[in-house]
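Visitor: Input structure: structure36.cif, which contains mmCIF, C-alpha atoms and all ligand atoms.
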data_model
loop_
_atom_site.label_atom_id
_atom_site.label_comp_id
_atom_site.auth_asym_id
_atom_site.auth_seq_id
_atom_site.Cartn_x
_atom_site.Cartn_y
_atom_site.Cartn_z
CA MET A 1 93.61 79.00 99.01
CA THR A 2 91.26 77.40 101.57
CA PHE A 3 93.79 74.62 102.06
CA LEU A 4 96.52 77.15 102.81
CA ALA A 5 94.30 79.12 105.18
CA GLN A 6 93.59 75.93 107.11
CA ARG A 7 97.28 75.07 107.16
CA SER A 8 98.24 78.49 108.43
CA ILE A 9 96.05 78.06 111.53
CA SER A 10 96.61 74.34 111.96
CA ARG A 11 98.19 73.15 115.19
CA GLU A 12 99.59 70.14 113.37
CA HIS A 13 102.02 72.32 111.44
CA PRO A 14 103.06 75.15 113.78
CA ALA A 15 106.54 75.49 112.26
CA GLN A 16 105.12 75.88 108.76
CA ALA A 17 102.19 78.10 109.70
CA GLU A 18 104.10 81.31 109.00
CA SER A 19 105.23 80.22 105.56
CA TYR A 20 101.71 79.00 104.69
CA THR A 21 100.33 82.39 105.73
CA ALA A 22 102.91 84.20 103.59
CA LEU A 23 102.16 81.96 100.62
CA ALA A 24 98.40 82.43 101.05
CA THR A 25 98.82 86.21 101.11
CA ARG A 26 100.96 86.07 97.99
CA LEU A 27 98.42 83.86 96.16
CA ARG A 28 95.58 86.16 97.20
CA ASP A 29 97.44 89.08 95.61
CA GLN A 30 97.95 87.03 92.47
CA ARG A 31 94.30 85.98 92.39
CA GLU A 32 93.15 89.58 92.27
CA VAL A 33 95.26 90.08 89.19
CA ILE A 34 94.13 86.79 87.61
CA VAL A 35 90.46 87.59 88.17
CA GLY A 36 91.02 90.89 86.40
CA ALA A 37 92.81 89.09 83.56
CA THR A 38 90.05 86.53 83.03
CA ASN A 39 87.21 89.03 83.11
CA HIS A 40 86.48 89.51 79.41
CA GLN A 41 84.36 92.58 80.09
CA GLN A 42 87.48 94.45 81.10
CA PRO A 43 89.60 95.92 78.32
CA SER A 44 92.66 96.07 80.53
CA ILE A 45 94.16 94.63 83.67
CA PRO A 46 94.51 96.69 86.84
CA ILE A 47 97.97 95.89 88.13
CA GLU A 48 98.64 98.36 90.90
CA THR A 49 96.05 99.33 93.46
CA ALA A 50 95.71 102.91 94.56
CA SER A 51 96.36 101.90 98.15
CA LYS A 52 100.00 102.90 97.66
CA PRO A 53 100.14 106.69 97.34
CA ASP A 54 103.72 106.58 96.01
CA THR A 55 102.80 104.58 92.91
CA PHE A 56 100.33 104.82 90.05
CA ALA A 57 97.65 102.23 89.34
CA LEU A 58 98.86 100.83 86.01
CA GLU A 59 96.50 99.25 83.50
CA ILE A 60 97.87 96.88 80.89
CA ASP A 61 96.18 96.75 77.48
CA LYS A 62 95.26 93.08 77.03
CA ARG A 63 95.80 93.07 73.27
CA THR A 64 99.05 94.96 72.90
CA GLY A 65 100.53 95.29 76.39
CA CYS A 66 101.14 98.98 75.63
CA ARG A 67 98.29 101.46 75.19
CA ILE A 68 100.41 103.68 72.96
CA CYS A 69 101.41 100.78 70.69
CA GLY A 70 97.70 99.87 70.54
CA GLN A 71 96.67 103.36 69.45
CA ILE A 72 99.38 103.42 66.77
CA LEU A 73 98.24 100.02 65.46
CA GLU A 74 94.65 101.26 65.23
CA ALA A 75 95.68 104.46 63.43
CA VAL A 76 97.92 102.59 60.96
CA PHE A 77 95.26 99.96 60.29
CA ARG A 78 92.56 102.60 59.72
CA PHE A 79 94.80 104.54 57.33
CA LEU A 80 96.04 101.52 55.37
CA SER A 81 92.55 100.01 55.05
CA LYS A 82 91.35 103.16 53.29
CA HIS A 83 94.55 103.99 51.43
CA GLN A 84 95.16 100.55 49.92
CA TYR A 85 91.82 100.87 48.12
CA GLU A 86 92.66 104.40 46.93
CA LEU A 87 96.03 103.17 45.68
CA SER A 88 94.39 100.40 43.66
CA ILE A 89 91.94 102.68 41.79
CA ASN A 90 93.14 106.28 41.94
CA PRO A 91 95.92 107.35 39.49
CA GLN A 92 96.63 110.51 41.53
CA ALA A 93 97.20 108.45 44.68
CA GLN A 94 99.47 106.10 42.69
CA GLN A 95 101.49 109.04 41.38
CA GLU A 96 101.88 110.56 44.85
CA HIS A 97 102.93 107.15 46.18
CA ALA A 98 105.53 106.94 43.40
CA ASN A 99 106.83 110.47 44.06
CA ARG A 100 107.29 109.65 47.75
CA GLY A 101 109.16 106.42 46.96
CA GLY A 102 106.48 104.16 48.45
CA PHE A 103 106.14 103.08 52.06
CA CYS A 104 108.99 102.24 54.42
CA PRO A 105 109.79 98.48 54.70
CA LEU A 106 107.68 97.96 57.85
CA HIS A 107 104.62 99.64 56.36
CA THR A 108 105.14 98.05 52.94
CA TRP A 109 104.55 94.64 54.50
CA GLN A 110 101.69 95.89 56.66
CA TYR A 111 100.12 97.24 53.46
CA GLU A 112 100.66 93.87 51.77
CA GLY A 113 98.97 92.18 54.71
CA ILE A 114 95.66 93.93 54.12
CA SER A 115 95.90 94.32 50.34
CA SER A 116 95.87 91.53 47.72
CA PRO A 117 98.09 90.49 44.79
CA TYR A 118 95.62 92.28 42.47
CA GLY A 119 95.72 95.40 44.65
CA VAL A 120 99.54 95.47 44.59
CA CYS A 121 99.54 94.89 40.81
CA THR A 122 97.29 97.90 40.23
CA ALA A 123 98.91 100.16 42.84
CA TYR A 124 102.64 99.62 42.28
CA PRO A 125 103.39 99.93 38.52
CA VAL A 126 103.87 103.72 38.67
CA LEU A 127 106.35 103.51 41.57
CA THR A 128 108.16 100.52 40.08
CA HIS A 129 108.50 102.20 36.66
CA ARG A 130 109.80 105.35 38.35
CA LEU A 131 112.46 103.41 40.24
CA ALA A 132 113.46 101.57 37.06
CA ALA A 133 113.99 104.93 35.35
CA GLU A 134 115.96 106.29 38.33
CA LEU A 135 118.25 103.23 38.32
CA SER A 136 118.88 103.69 34.60
CA THR A 137 119.94 107.28 35.28
CA ILE A 138 122.21 106.20 38.16
CA ALA A 139 123.70 103.50 35.92
CA SER A 140 124.76 106.12 33.42
CA HIS A 141 126.79 107.91 36.16
CA VAL A 142 128.07 104.84 37.97
CA MET A 143 131.63 105.25 36.74
CA GLN A 144 132.15 108.03 39.33
CA PRO A 145 133.50 106.34 42.52
CA GLY A 146 131.19 106.06 45.56
CA GLN A 147 128.20 107.57 43.83
CA SER A 148 125.99 104.57 43.03
CA GLY A 149 125.36 103.53 46.67
CA ASN A 150 124.51 107.06 47.78
CA SER A 151 122.24 107.58 44.80
CA VAL A 152 120.28 104.39 45.49
CA ARG A 153 120.08 105.33 49.19
CA ASP A 154 118.42 108.59 48.18
CA LEU A 155 115.67 106.61 46.46
CA LEU A 156 114.74 104.73 49.63
CA PRO A 157 111.75 105.87 51.68
CA THR A 158 112.28 107.33 55.16
CA THR A 159 110.02 108.20 58.09
CA LYS A 160 109.68 111.62 56.51
CA THR A 161 108.53 110.35 53.10
CA CYS A 162 106.40 107.34 54.16
CA ARG A 163 102.77 108.42 54.54
CA VAL A 164 102.02 105.69 57.07
CA CYS A 165 104.98 106.78 59.19
CA GLU A 166 103.44 110.26 59.27
CA GLY A 167 100.24 108.80 60.72
CA HIS A 168 102.25 106.56 63.06
CA ILE A 169 104.20 109.51 64.47
CA GLU A 170 101.08 111.67 64.81
CA ALA A 171 99.14 108.92 66.65
CA GLU A 172 102.18 108.21 68.83
CA LYS A 173 102.62 111.85 69.88
CA LYS A 174 98.93 112.15 70.72
CA ALA A 175 98.92 108.92 72.75
CA VAL A 176 102.15 109.86 74.59
CA GLU A 177 100.65 113.24 75.55
CA GLU A 178 97.46 111.56 76.74
CA VAL A 179 99.34 109.15 79.01
CA ALA A 180 101.54 111.98 80.33
CA ALA A 181 98.44 114.13 80.99
CA THR A 182 96.70 111.26 82.82
CA ALA A 183 99.76 110.86 85.05
CA GLN A 184 99.93 114.61 85.70
CA HIS A 185 96.27 114.85 86.64
CA ALA A 186 95.97 111.49 88.39
CA ASP A 187 93.93 111.80 91.54
CA SER A 188 95.03 109.22 94.08
CA ALA A 189 91.78 109.74 96.01
CA LYS A 190 89.85 108.61 92.94
CA ALA A 191 92.33 105.83 92.15
CA THR A 192 92.96 107.19 88.66
CA LYS A 193 94.58 104.51 86.49
CA VAL A 194 97.46 105.27 84.15
CA SER A 195 97.78 103.21 80.95
CA ALA A 196 100.89 101.04 81.01
CA CYS A 197 103.21 101.18 78.03
CA CYS A 198 106.36 99.55 76.71
CA LEU A 199 109.74 100.90 77.75
CA PRO A 200 110.43 102.67 74.41
CA HIS A 201 107.15 104.54 74.91
CA LEU A 202 107.75 105.05 78.64
CA ARG A 203 110.89 106.86 77.56
CA MET A 204 108.77 109.20 75.43
CA VAL A 205 106.22 109.74 78.22
CA LEU A 206 109.06 110.63 80.61
CA GLY A 207 110.44 112.97 77.96
CA SER A 208 107.10 114.76 77.99
CA LEU A 209 106.86 114.84 81.80
CA GLY A 210 110.45 115.92 82.39
CA SER A 211 112.00 115.37 85.81
CA GLY A 212 110.08 115.67 89.06
CA GLU A 213 107.73 113.90 91.42
CA ILE A 214 105.35 112.56 88.75
CA ALA A 215 108.20 111.06 86.73
CA GLN A 216 109.62 109.49 89.88
CA LYS A 217 106.25 108.01 90.85
CA LEU A 218 105.83 106.60 87.34
CA LEU A 219 109.29 105.03 87.39
CA VAL A 220 108.64 103.40 90.78
CA SER A 221 105.35 101.99 89.42
CA TYR A 222 107.14 100.50 86.41
CA ALA A 223 109.94 99.12 88.58
CA ASN A 224 107.28 97.31 90.64
CA LEU A 225 105.52 96.04 87.51
CA LEU A 226 108.73 94.71 85.96
CA GLY A 227 109.76 93.16 89.29
CA ARG A 228 106.47 91.28 89.51
CA THR A 229 106.71 90.22 85.87
CA ALA A 230 110.24 88.89 86.47
CA GLU A 231 108.93 86.85 89.42
CA ASP A 232 106.11 85.47 87.24
CA LEU A 233 108.68 84.41 84.64
CA GLN A 234 110.70 82.60 87.29
CA ARG A 235 107.66 80.93 88.85
CA TYR A 236 106.50 79.68 85.46
CA ALA A 237 109.94 78.28 84.66
CA LEU A 238 110.24 76.60 88.08
CA ARG A 239 106.84 74.93 87.73
CA HIS A 240 107.67 73.91 84.17
CA ASP A 241 110.93 72.31 85.35
CA ALA A 242 109.11 70.51 88.16
CA LEU A 243 106.47 69.19 85.71
CA ARG A 244 103.81 71.15 87.61
CA ARG A 245 102.54 73.20 84.71
CA TYR A 246 98.96 72.58 85.86
CA LEU A 247 99.71 74.81 88.87
CA THR A 248 100.62 77.87 86.81
CA SER A 249 98.30 80.86 86.99
CA GLU A 250 97.11 82.79 83.96
CA GLU A 251 99.33 85.65 85.11
CA GLU A 252 102.36 83.35 84.97
CA ARG A 253 101.36 81.84 81.60
CA ARG A 254 101.15 85.26 79.99
CA ALA A 255 104.38 86.48 81.63
CA SER A 256 106.60 85.53 78.66
CA GLN A 257 104.55 87.65 76.24
CA LEU A 258 104.04 90.50 78.70
CA ALA A 259 107.74 90.73 79.54
CA LEU A 260 108.73 91.03 75.87
CA LEU A 261 105.91 93.48 75.10
CA LEU A 262 106.96 95.70 78.00
CA LEU A 263 110.65 95.55 77.12
CA ALA A 264 110.41 95.92 73.36
CA GLY A 265 106.92 97.16 72.45
CA HIS A 266 104.44 95.45 70.13
CA ARG A 267 106.06 93.62 67.22
CA ASN A 268 103.88 95.36 64.63
CA VAL A 269 104.68 98.83 65.91
CA ILE A 270 108.30 98.86 66.92
CA SER A 271 111.02 98.57 64.33
CA PRO A 272 114.45 99.87 65.28
CA TRP A 273 114.89 102.39 62.53
CA VAL A 274 111.50 104.00 63.20
CA ILE A 275 112.23 104.44 66.89
CA GLU A 276 115.74 105.75 66.32
CA ASP A 277 114.53 108.27 63.80
CA ILE A 278 111.67 109.67 65.77
CA LEU A 279 113.11 109.85 69.30
ZN ZN B 1 104.56 100.85 73.08
ZN ZN B 2 106.45 103.88 57.33
#
Re-express the file's structure as structure tokens.
Ligand SMILES: [Zn+2]
Ligand SMILES: [Zn+2]

Guide:
Amino acid sequence: MTFLAQRSISREHPAQAESYTALATRLRDQREVIVGATNHQQPSIPIETASKPDTFALEIDKRTGCRICGQILEAVFRFLSKHQYELSINPQAQQEHANRGGFCPLHTWQYEGISSPYGVCTAYPVLTHRLAAELSTIASHVMQPGQSGNSVRDLLPTTKTCRVCEGHIEAEKKAVEEVAATAQHADSAKATKVSACCLPHLRMVLGSLGSGEIAQKLLVSYANLLGRTAEDLQRYALRHDALRRYLTSEEERRASQLALLLLAGHRNVISPWVIEDIL
């Protein structure tokens, strides 16, 4: 930065002074973001300053990229941590789990991730026996055309029967309303920051806000954020191609993850069938 400042006022390089100045300004902007990103005391990264009244100051959750995805992950983890123990020891919980048809595929594997082979072996016999009995019943009617596939489909869990999906949807609605309320009551004089979220969740926030000035301001803020992220992606790739990886900033190094988090949401939260069912 000092080198560029010297170059921008140097008489030896008058023709390049303007471009050095522009580059120095650009790097200074980047540095502000990088300093925020490397400060471990901060839970999130301020991306947009409040100096632009037509945009919101967006804060990116460092762990998940999306505040709403983060709140869903916390809610699901809290619920599964408690429930996996209940399922392993409580016959009533096992019976209810069996009646509901178990968890959806996404939450089945999240459950497995915090349970154990012993936990699964104590929790799942009731459900597995029930499904065995249901298949035997379907088998006895399978001679009727087109019936077996539909009957098995009816056994599969959905967002409405999966208990974790219930918690997921509840946490999601609450978080969406919170972000929408923050945007509605944002005070530009106080530089109120709005939590950034992935595009699937931005869609839900906009659904809550409806059309109008706030929605427009939010969209402009996201357009700026995505534009900057796209530039970070390109800068990283250019430096990588030129074997100048040592010149990349932290902002550029995290651009690949951030871009995908913003476009698709956190991998542990977003699965296509959940989103399609609940939107
Ligand atoms: Zn999200
Ligand atoms: Zn589920």

Visitor: Any idea what's packed within 10 Å of Thr158 (chain A), counting all atoms listed in the file, ignoring anything in its chain fewer than 3 positions away? Could you give it as number ranges by chain?

Guide: A: 100-105, 154-155, 161-163, 165, 273-274, 277

Visitor: Restricting the calculation to only C-alpha atoms, which member of A:Leu80, A:Leu127, A:Ala255, A:Met204 is positioned closest to Gln92 (chain A)?

Guide: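 Nearest candidate to Gln92 (chain A) out of A:Leu80, A:Leu127, A:Ala255, A:Met204: A:Leu127.
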
Visitor: How many Å lie between CA of Val179 (chain A) and CA of Asp61 (chain A), rounded to one decimal?

Guide: 12.9 Å

Visitor: CA of Gly167 (chain A) and CA of Val76 (chain A), how far apart in Å?

Guide: 6.6 Å

Visitor: Would you kindly identify which residues have an atom no farther than 8 Å from (105.3, 113.0, 78.6), using only C-alpha atoms and the file's own coordinates, and write them out as a PDB file with C-alpha atoms, keeping the file's coordinate frame?

Guide:
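Result file is selection-v7.pdb:
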ATOM      1  CA  VAL A 176     102.150 109.860  74.590  1.00  0.00           C
ATOM      2  CA  GLU A 177     100.650 113.240  75.550  1.00  0.00           C
ATOM      3  CA  VAL A 179      99.340 109.150  79.010  1.00  0.00           C
ATOM      4  CA  ALA A 180     101.540 111.980  80.330  1.00  0.00           C
ATOM      5  CA  ALA A 181      98.440 114.130  80.990  1.00  0.00           C
ATOM      6  CA  MET A 204     108.770 109.200  75.430  1.00  0.00           C
ATOM      7  CA  VAL A 205     106.220 109.740  78.220  1.00  0.00           C
ATOM      8  CA  LEU A 206     109.060 110.630  80.610  1.00  0.00           C
ATOM      9  CA  GLY A 207     110.440 112.970  77.960  1.00  0.00           C
ATOM     10  CA  SER A 208     107.100 114.760  77.990  1.00  0.00           C
ATOM     11  CA  LEU A 209     106.860 114.840  81.800  1.00  0.00           C
ATOM     12  CA  GLY A 210     110.450 115.920  82.390  1.00  0.00           C
TER      13      GLY A 210
END

Visitor: Could you list as JSON, numbers by chain every residue that has an atom within 10 Å of (104.7, 102.7, 88.9), using the file's coordinates and counting only C-alpha atoms?

Guide: {"A": [47, 48, 52, 54, 55, 56, 57, 58, 194, 196, 214, 215, 216, 217, 218, 219, 220, 221, 222, 223, 224, 225, 226]}

Visitor: Provide the CA of Glu96 (chain A) to CA of Lys82 (chain A) distance in Å, to one decimal place.

Guide: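 CA of Lys82 (chain A) lies at a distance of 15.4 Å from CA of Glu96 (chain A).
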
Visitor: Determine, for each residue of chain A having at least one atom at most 7 Å from an atom of ligand ZN 1 (chain B), the closest pair of atoms and their separation in Å to one decimal, counting all atoms listed in the file; order by chain and ascending number, as CSV.

Guide:
residue,atom,partner,partner_atom,distance
A:Cys66,CA,B:ZN1,ZN,4.7
A:Arg67,CA,B:ZN1,ZN,6.6
A:Ile68,CA,B:ZN1,ZN,5.0
A:Cys69,CA,B:ZN1,ZN,4.0
A:Cys197,CA,B:ZN1,ZN,5.1
A:Cys198,CA,B:ZN1,ZN,4.3
A:Leu199,CA,B:ZN1,ZN,7.0
A:Pro200,CA,B:ZN1,ZN,6.3
A:His201,CA,B:ZN1,ZN,4.9
A:Gly265,CA,B:ZN1,ZN,4.4
A:His266,CA,B:ZN1,ZN,6.2

Visitor: I'd like the contact shell of Arg235 (chain A) - 10 Å cut-off, only C-alpha atoms, skipping same-chain residues fewer than 5 positions apart - returned as an MDAnalysis selection string.

Guide: chainID A and resid 229:230 240:241 248:249 252:253 255

Visitor: Could you check the closest approach to ligand ZN 2 (chain B) for each of A:Ala75, A:Ile169, A:Leu135, A:Ile60 and tell me which residue wins, using all atoms listed in the file?

Guide: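 Result for the nearest residue to ligand ZN 2 (chain B): A:Ile169.
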
Visitor: In terms of the shortest atom-to-atom distance over only C-alpha atoms, which of A:His107, A:Arg63, A:Arg254, A:Arg245 is closest to Thr159 (chain A)?

Guide: A:His107

Visitor: So which one's closest to Glu231 (chain A), A:Ala259, A:Leu243, A:Ala183, A:Leu73? Using all atoms listed in the file, please.

Guide: A:Ala259

Visitor: Taking only C-alpha atoms into account, which of A:Thr182, A:Ser140, A:Asn99, A:Ser81 comes nearest Ser116 (chain A)?

Guide: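 That would be A:Ser81, the residue with the smallest distance to Ser116 (chain A).
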
Visitor: Identify which of the residues A:Ala139, A:Val126, A:Leu258, A:Leu156 lies closest to ligand ZN 2 (chain B), counting only C-alpha atoms and all ligand atoms when measuring atom-to-atom distances.

Guide: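 Once distances to ligand ZN 2 (chain B) are computed over only C-alpha atoms and all ligand atoms, the minimum belongs to A:Leu156.
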
Visitor: Would you give the centre and edge lengths, in Å to one decimal, of a box along x, y and z around the listed atoms of region 215-219 of chain A, with 4 Å added to each side, as lines of an AutoDock Vina configuration file?

Guide:
center_x = 107.7
center_y = 108.0
center_z = 88.8
size_x = 11.8
size_y = 14.0
size_z = 12.1
